[in-house]
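Worksheet: one structure, shown below.
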Amino acid sequence: MTQKIYPCTLCGSYDIEPIDSQIRNVTDNLHKMYRCNSCDTHFLYPQFAEEQLEAYYDGQFREEVHTSKYYDEATLTKVYDRFYPEAQQRVARVEAEIKPSDEILEIGCSVGYFLNAVSNKVKNVFGTEWDNRALSYIDDVLQNSKIKTAHNPQDFEQGFDKIFMFHVLEHIANPVEFLIKLKPLLKDNGCIYIEVPNVDDIMVKTFNNSAFKDFYYKKAHLFNFNEKGLSYVFEKSGYHYQIEFIQRYDISNHFYWLANQKPGGKGAYTHLLSSSLNEEYIQCLKTAKQTDTLFARLTL
Ligand SMILES: [Zn+2]
């Protein structure tokens, strides 16, 4: 059933419909997820105000994503260690494109796993984050002289050769305006790399697994894009772009969800499902554009 209540918060279309899934960490009846039939984006309505979000990311967000003990150093180190291998994969994905003379910015750098992983390949690394304790962790624990941190990209008062945003754009209330404001910070021939979840994920779109969907939609994800929605954002903000389909989770994780209705199945069935089968499966997801993740390169 199509409801015409208010417009899509991304493209303004009134052709929207509610999604009958829970949103993680939302207990009120006010906030709901909707699907826009025009730009394909699944969006949270109503949105939280920017000031609320800045305070949220400096406190409750990490506790919701991780644990209430997140803020002791040992736990921050666990977060760092957990995400560092993926940070290395992210460096490998762009290694051929980065230069030793590059000055790199990561927006939303968390505890600095990507900054640290990329730092020995480039001249300087800059990271922004609204979570003050994550910034303190970078400055006090990592102590990498190439890394500089701040709250917002404009705070550094300089330009960058490459700007990275991993799972950040879906948190931003006005992604078009945000990307337009980044243009003055991008040096000539610079590139912005953006990784976001793909809402055409086979677990959501085809398997339509309700336990997975209740886990998938999050309070902090104001938008859940597919290729079409992301293209809309890049075109409106006036960039040239390419979108690549990448897969973070393996076939075991998907089988585990379908069998047990819960996360944690990465690698669970590798004794049954060979690595070549996994590669073939991921190739099928790429062909169908139903991987769990989108990776985009933006240039002026
Ligand atoms: Zn829309």
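Following the order of the structure tokens, chains are lettered A, B, ..., residues in each are numbered from 1, and ligands are numbered from 1.
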
Query raised in the report: Once you count only C-alpha atoms and all ligand atoms, which residues end up within 9 Å of ligand 1, and could you hand them over as an NGL selection string?
Result: :A and (7-16 or 35-43 or 229 or 232)

Any chance you can output those residues with C-alpha atoms as a PDB file, in the first residue's frame?
ATOM      1  CA  PRO A   7       8.195  13.190   1.118  1.00  0.00           C
ATOM      2  CA  CYS A   8      11.282  10.954   0.993  1.00  0.00           C
ATOM      3  CA  THR A   9      14.011  12.732   2.989  1.00  0.00           C
ATOM      4  CA  LEU A  10      16.479  12.110   0.148  1.00  0.00           C
ATOM      5  CA  CYS A  11      14.696  12.797  -3.177  1.00  0.00           C
ATOM      6  CA  GLY A  12      11.413  14.387  -2.085  1.00  0.00           C
ATOM      7  CA  SER A  13       9.117  11.824  -3.710  1.00  0.00           C
ATOM      8  CA  TYR A  14       5.801  11.142  -1.986  1.00  0.00           C
ATOM      9  CA  ASP A  15       5.745   7.609  -3.342  1.00  0.00           C
ATOM     10  CA  ILE A  16       6.900   5.920  -0.137  1.00  0.00           C
ATOM     11  CA  ARG A  35      11.122   2.716   1.362  1.00  0.00           C
ATOM     12  CA  CYS A  36      11.067   5.328  -1.405  1.00  0.00           C
ATOM     13  CA  ASN A  37       9.756   3.878  -4.656  1.00  0.00           C
ATOM     14  CA  SER A  38      11.394   6.657  -6.647  1.00  0.00           C
ATOM     15  CA  CYS A  39      15.053   6.598  -5.481  1.00  0.00           C
ATOM     16  CA  ASP A  40      14.916   3.084  -3.879  1.00  0.00           C
ATOM     17  CA  THR A  41      16.374   4.435  -0.610  1.00  0.00           C
ATOM     18  CA  HIS A  42      15.148   3.125   2.739  1.00  0.00           C
ATOM     19  CA  PHE A  43      15.068   6.107   5.080  1.00  0.00           C
ATOM     20  CA  GLY A 229      19.994   5.960  -4.323  1.00  0.00           C
ATOM     21  CA  TYR A 232      21.155  10.094  -6.937  1.00  0.00           C
TER      22      TYR A 232
END

**Report entry** Residues of region 30-276 of chain A in strand (DSSP E), written as a PyMOL selection string
**Finding:** chain A and resi 32-36+42-45+103-107+124-128+147-150+160-166+186-197+223-224+240-246

Query - Atomic separation - CA of Tyr113 (chain A) relative to CA of Phe164 (chain A), Å - result: 12.8 Å

Report summary line: Of A:Ile282, A:Leu179, A:Cys191, A:Leu273, the one nearest to Lys236 (chain A) when counting only C-alpha atoms is A:Leu179

Query raised in the report: Looking at only C-alpha atoms, which of A:Ile138, A:Ala220, A:Ala74, A:Val111 is the one that sits closest to Tyr57 (chain A)?
Result: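 Nearest candidate to Tyr57 (chain A) out of A:Ile138, A:Ala220, A:Ala74, A:Val111: A:Ala220.
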
Query - Selected residue of minimal separation from Met203 (chain A) among A:Phe215, A:Phe225, A:Tyr34, A:Tyr269, counting only C-alpha atoms - result: A:Phe215

**Report entry** Residue nearest Asp72 (chain A) among A:Val168, A:Ser136, A:Asp155, A:Leu294 (counting only C-alpha atoms)
**Finding:**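 Ranked by minimum distance to Asp72 (chain A), first place goes to A:Ser136.
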
Requested in this report: List the neighbours of region 125-133 of chain A out to 10 Å using only C-alpha atoms; skip same-chain residues closer than 3 positions along the sequence, and give me the result as a PyMOL selection string.
Outcome: chain A and resi 53-62+70-73+76+102-112+114-116+118-122+136-139+144-156+160+162-164

Report task. Can you list, as a ChimeraX atom specification, all residues belonging to region 49-188 of chain A that DSSP tags as alpha helix (DSSP H)? Result -> /A:50-57,60-65,73-94,113-118,132-137,175-182

Within 12 Å of Thr27 (chain A), counting only C-alpha atoms, which residues qualify if same-chain residues fewer than 5 places away don't, as a tab-separated table (two decimals) with all heavy atoms, in the first residue's frame?
chain	number	residue	atom	x	y	z
A	22	GLN	N	11.78	-3.97	12.60
A	22	GLN	CA	12.21	-3.19	13.75
A	22	GLN	C	13.44	-2.38	13.36
A	22	GLN	O	14.15	-2.73	12.42
A	22	GLN	CB	12.58	-4.11	14.91
A	22	GLN	CG	11.39	-4.83	15.53
A	22	GLN	CD	11.82	-5.89	16.53
A	22	GLN	OE1	12.91	-5.80	17.12
A	22	GLN	NE2	10.99	-6.89	16.70
A	32	LYS	N	10.25	5.37	12.23
A	32	LYS	CA	10.03	4.19	11.40
A	32	LYS	C	10.91	4.25	10.15
A	32	LYS	O	11.39	5.31	9.77
A	32	LYS	CB	8.55	4.14	10.95
A	32	LYS	CG	7.59	3.74	12.06
A	32	LYS	CD	6.24	3.42	11.44
A	32	LYS	CE	5.12	3.17	12.43
A	32	LYS	NZ	5.42	2.96	13.82
A	218	LYS	N	19.10	0.37	11.55
A	218	LYS	CA	19.66	0.92	12.78
A	218	LYS	C	19.25	2.37	12.93
A	218	LYS	O	19.11	3.09	11.95
A	218	LYS	CB	21.19	0.82	12.76
A	218	LYS	CG	21.72	-0.60	12.67
A	218	LYS	CD	23.22	-0.63	12.41
A	218	LYS	CE	23.72	-2.03	12.13
A	218	LYS	NZ	23.27	-2.55	10.81
A	219	LYS	N	19.14	2.79	14.19
A	219	LYS	CA	18.80	4.17	14.52
A	219	LYS	C	19.76	5.15	13.85
A	219	LYS	O	19.37	6.23	13.39
A	219	LYS	CB	18.89	4.31	16.04
A	219	LYS	CG	18.64	5.67	16.60
A	219	LYS	CD	18.81	5.63	18.12
A	219	LYS	CE	18.54	6.97	18.75
A	219	LYS	NZ	18.67	6.92	20.22

Query raised in the report: At what distance in Å, to one decimal, does CA of Ile19 (chain A) lie from CA of Met33 (chain A)?
Result: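 About the pair CA of Met33 (chain A) and CA of Ile19 (chain A): they are 5.5 Å apart.
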
Report summary line: Min atom-atom distance to Leu258 (chain A) from the set A:Phe212, A:Tyr239, A:Phe178, A:Phe48, counting only C-alpha atoms, belongs to A:Phe212
